[in-house]
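The next block is work-v4.pdb, given as PDB, C-alpha atoms, pLDDT in the B column.
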```pdb
MODEL        1
ATOM      1  CA  MET A   1       4.795 162.113  58.651  1.00 58.00           C
ATOM      2  CA  LYS A   2       8.514 162.098  57.800  1.00 76.00           C
ATOM      3  CA  SER A   3       9.381 163.264  61.299  1.00 80.00           C
ATOM      4  CA  GLN A   4       7.419 160.405  62.882  1.00 81.00           C
ATOM      5  CA  THR A   5       9.088 157.864  60.589  1.00 84.00           C
ATOM      6  CA  LEU A   6      12.524 159.216  61.424  1.00 85.00           C
ATOM      7  CA  ASP A   7      11.723 159.198  65.136  1.00 84.00           C
ATOM      8  CA  MET A   8      10.660 155.546  64.892  1.00 88.00           C
ATOM      9  CA  LEU A   9      13.856 154.624  63.059  1.00 88.00           C
ATOM     10  CA  LEU A  10      16.032 156.436  65.576  1.00 90.00           C
ATOM     11  CA  ASP A  11      14.548 154.303  68.376  1.00 89.00           C
ATOM     12  CA  ILE A  12      15.410 150.941  66.739  1.00 92.00           C
ATOM     13  CA  GLU A  13      17.992 149.029  68.754  1.00 94.00           C
ATOM     14  CA  LEU A  14      20.805 147.393  66.762  1.00 94.00           C
ATOM     15  CA  PRO A  15      23.416 144.872  67.905  1.00 95.00           C
ATOM     16  CA  VAL A  16      26.894 146.365  68.352  1.00 95.00           C
ATOM     17  CA  THR A  17      29.833 143.947  68.221  1.00 95.00           C
ATOM     18  CA  VAL A  18      33.522 144.582  68.844  1.00 95.00           C
ATOM     19  CA  ARG A  19      35.804 142.320  66.821  1.00 93.00           C
ATOM     20  CA  LEU A  20      39.139 141.869  68.540  1.00 90.00           C
ATOM     21  CA  GLY A  21      40.621 139.608  65.884  1.00 89.00           C
ATOM     22  CA  ALA A  22      40.207 136.455  63.832  1.00 88.00           C
ATOM     23  CA  THR A  23      42.146 133.299  63.127  1.00 92.00           C
ATOM     24  CA  GLN A  24      41.731 129.990  61.357  1.00 93.00           C
ATOM     25  CA  MET A  25      41.770 126.656  63.154  1.00 95.00           C
ATOM     26  CA  THR A  26      41.230 123.098  62.058  1.00 96.00           C
ATOM     27  CA  PHE A  27      38.266 121.231  63.438  1.00 97.00           C
ATOM     28  CA  GLY A  28      40.703 119.109  65.445  1.00 96.00           C
ATOM     29  CA  GLU A  29      42.242 122.204  67.021  1.00 96.00           C
ATOM     30  CA  VAL A  30      38.802 123.530  67.943  1.00 96.00           C
ATOM     31  CA  MET A  31      37.865 120.181  69.481  1.00 97.00           C
ATOM     32  CA  GLY A  32      41.102 120.277  71.496  1.00 96.00           C
ATOM     33  CA  LEU A  33      40.275 123.604  73.165  1.00 97.00           C
ATOM     34  CA  ASN A  34      39.725 123.529  76.901  1.00 96.00           C
ATOM     35  CA  ALA A  35      39.929 125.864  79.882  1.00 96.00           C
ATOM     36  CA  GLY A  36      43.341 127.522  79.787  1.00 95.00           C
ATOM     37  CA  SER A  37      43.864 127.084  76.037  1.00 96.00           C
ATOM     38  CA  LEU A  38      45.248 130.094  74.190  1.00 94.00           C
ATOM     39  CA  VAL A  39      43.992 131.168  70.796  1.00 94.00           C
ATOM     40  CA  GLU A  40      46.159 133.700  68.985  1.00 91.00           C
ATOM     41  CA  PHE A  41      44.606 136.270  66.678  1.00 89.00           C
ATOM     42  CA  GLY A  42      46.195 138.137  63.798  1.00 83.00           C
ATOM     43  CA  ARG A  43      46.378 141.458  65.629  1.00 88.00           C
ATOM     44  CA  THR A  44      48.617 143.066  68.164  1.00 88.00           C
ATOM     45  CA  PRO A  45      47.030 144.708  71.214  1.00 86.00           C
ATOM     46  CA  GLU A  46      48.012 148.108  69.792  1.00 89.00           C
ATOM     47  CA  GLU A  47      45.996 147.643  66.592  1.00 93.00           C
ATOM     48  CA  PRO A  48      42.485 149.082  66.432  1.00 95.00           C
ATOM     49  CA  VAL A  49      39.485 146.820  66.992  1.00 95.00           C
ATOM     50  CA  ASP A  50      36.533 146.730  64.591  1.00 94.00           C
ATOM     51  CA  VAL A  51      33.149 148.070  65.657  1.00 95.00           C
ATOM     52  CA  LEU A  52      30.314 146.386  63.783  1.00 94.00           C
ATOM     53  CA  VAL A  53      26.684 147.454  63.918  1.00 93.00           C
ATOM     54  CA  ASN A  54      24.210 144.875  62.702  1.00 91.00           C
ATOM     55  CA  GLY A  55      27.153 142.958  61.211  1.00 89.00           C
ATOM     56  CA  ARG A  56      28.552 145.879  59.232  1.00 91.00           C
ATOM     57  CA  LEU A  57      31.841 147.614  59.911  1.00 92.00           C
ATOM     58  CA  VAL A  58      31.075 151.186  60.969  1.00 94.00           C
ATOM     59  CA  ALA A  59      34.192 152.203  62.893  1.00 96.00           C
ATOM     60  CA  ARG A  60      37.538 151.206  64.367  1.00 95.00           C
ATOM     61  CA  GLY A  61      38.890 152.165  67.739  1.00 96.00           C
ATOM     62  CA  GLU A  62      41.037 151.355  70.733  1.00 95.00           C
ATOM     63  CA  MET A  63      39.995 149.280  73.724  1.00 94.00           C
ATOM     64  CA  VAL A  64      39.724 151.268  76.968  1.00 94.00           C
ATOM     65  CA  MET A  65      38.502 150.719  80.516  1.00 94.00           C
ATOM     66  CA  VAL A  66      35.525 152.811  81.674  1.00 94.00           C
ATOM     67  CA  GLN A  67      34.672 152.492  85.364  1.00 95.00           C
ATOM     68  CA  GLY A  68      35.895 148.883  85.378  1.00 95.00           C
ATOM     69  CA  ASN A  69      34.148 147.938  82.115  1.00 95.00           C
ATOM     70  CA  TYR A  70      35.549 147.533  78.619  1.00 94.00           C
ATOM     71  CA  GLY A  71      34.824 150.279  76.118  1.00 95.00           C
ATOM     72  CA  VAL A  72      36.005 151.405  72.693  1.00 96.00           C
ATOM     73  CA  ARG A  73      37.303 154.882  71.929  1.00 96.00           C
ATOM     74  CA  ILE A  74      36.387 155.462  68.272  1.00 97.00           C
ATOM     75  CA  THR A  75      39.390 156.554  66.228  1.00 96.00           C
ATOM     76  CA  GLU A  76      38.072 156.044  62.684  1.00 95.00           C
ATOM     77  CA  ILE A  77      34.623 156.076  61.112  1.00 95.00           C
ATOM     78  CA  SER A  78      34.172 153.868  58.042  1.00 90.00           C
ATOM     79  CA  SER A  79      33.166 155.604  54.856  1.00 85.00           C
ATOM     80  CA  ARG A  80      29.608 155.174  53.688  1.00 81.00           C
ATOM     81  CA  ARG A  81      30.935 153.325  50.625  1.00 78.00           C
ATOM     82  CA  GLU A  82      32.959 150.918  52.783  1.00 76.00           C
ATOM     83  CA  ARG A  83      29.912 150.168  54.939  1.00 73.00           C
ATOM     84  CA  LEU A  84      27.794 149.419  51.873  1.00 73.00           C
ATOM     85  CA  ASP A  85      30.483 147.474  50.001  1.00 72.00           C
ATOM     86  CA  THR A  86      31.636 145.286  52.847  1.00 63.00           C
ATOM     87  CA  GLY A  87      28.297 144.019  54.132  1.00 59.00           C
ATOM     88  CA  ALA A  88      29.257 142.028  57.199  1.00 46.00           C
ATOM     89  CA  GLY A  89      32.882 142.147  56.082  1.00 43.00           C
ATOM     90  CA  ILE A  90      35.784 144.453  56.698  1.00 42.00           C
ATOM     91  CA  GLY A  91      37.329 146.942  54.306  1.00 40.00           C
ATOM     92  CA  SER A  92      41.070 146.506  54.814  1.00 40.00           C
ATOM     93  CA  GLN A  93      43.055 143.888  52.946  1.00 36.00           C
ATOM     94  CA  ALA A  94      44.295 142.156  56.106  1.00 38.00           C
ATOM     95  CA  ASP A  95      40.794 142.012  57.509  1.00 41.00           C
ATOM     96  CA  SER A  96      39.424 140.637  54.224  1.00 39.00           C
ATOM     97  CA  LYS A  97      41.674 137.634  54.726  1.00 37.00           C
ATOM     98  CA  ALA A  98      40.153 137.129  58.165  1.00 38.00           C
ATOM     99  CA  ASP A  99      36.651 137.279  56.663  1.00 39.00           C
ATOM    100  CA  SER A 100      37.374 134.307  54.436  1.00 33.00           C
ATOM    101  CA  LYS A 101      38.250 132.171  57.408  1.00 34.00           C
ATOM    102  CA  THR A 102      35.503 129.974  58.688  1.00 31.00           C
ATOM    103  CA  THR A 103      36.420 129.710  62.357  1.00 33.00           C
ATOM    104  CA  GLY A 104      38.164 131.817  64.885  1.00 37.00           C
ATOM    105  CA  GLY A 105      37.074 135.353  65.628  1.00 41.00           C
ATOM    106  CA  LEU A 106      36.725 136.502  69.206  1.00 42.00           C
ATOM    107  CA  TYR A 107      33.665 138.667  69.651  1.00 42.00           C
ATOM    108  CA  ALA A 108      32.388 140.730  72.543  1.00 45.00           C
ATOM    109  CA  ASP A 109      28.751 141.828  72.416  1.00 44.00           C
TER     110      ASP A 109
ENDMDL
END
```
Hey, can you dump this file as structure tokens for me?
Amino acid sequence: MKSQTLDMLLDIELPVTVRLGATQMTFGEVMGLNAGSLVEFGRTPEEPVDVLVNGRLVARGEMVMVQGNYGVRITEISSRRERLDTGAGIGSQADSKADSKTTGGLYAD
């Protein structure tokens, strides 16, 4: 029975999100966005991106191109404690600041 349960769990599909960065904007700034607008995020291109599974941080990595598509090369796996403690949040201090911001983040699903 345990084997069947585990097999069922292993087949569950979960959403994977890559968080490139986050910022805070006023409602007026958001309303002023249009095609060609630039939104700056609190990360440099060299910094790792966050990999979230079902809204929880599970890893960090670097953006790569794979046969013309974006991909992430995993460079760090979050600790089990960090995954449980952070919920949908992020473990590092800088990222915790981004979590408290209500608008911004650029996400790629």
(Q) Expand the PyMOL selection byres ((chain A and resi 75) around 12) into the explicit residue set it covers here, and present it as a PyMOL selection string. (A) chain A and resi 47-51+58-64+72-74+76-78
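For Glu13 in chain A, the non-local neighbours within 12 Å, defined as residues at least 4 positions apart in the same chain or in other chains and counting all atoms listed in the file, are A:Met8, A:Leu9, A:Val53, A:Asn54.
CA of Arg56 in chain A sits 8.2 Å away from CA of Leu84 in chain A.
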Q | Atom pair CA of Glu46 in chain A / CA of Pro15 in chain A: separation (Å) | A |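 These atoms are spaced 24.9 Å apart.
The two atoms in question, CA of Arg43 in chain A and CA of Leu20 in chain A, are spaced 7.8 Å apart.
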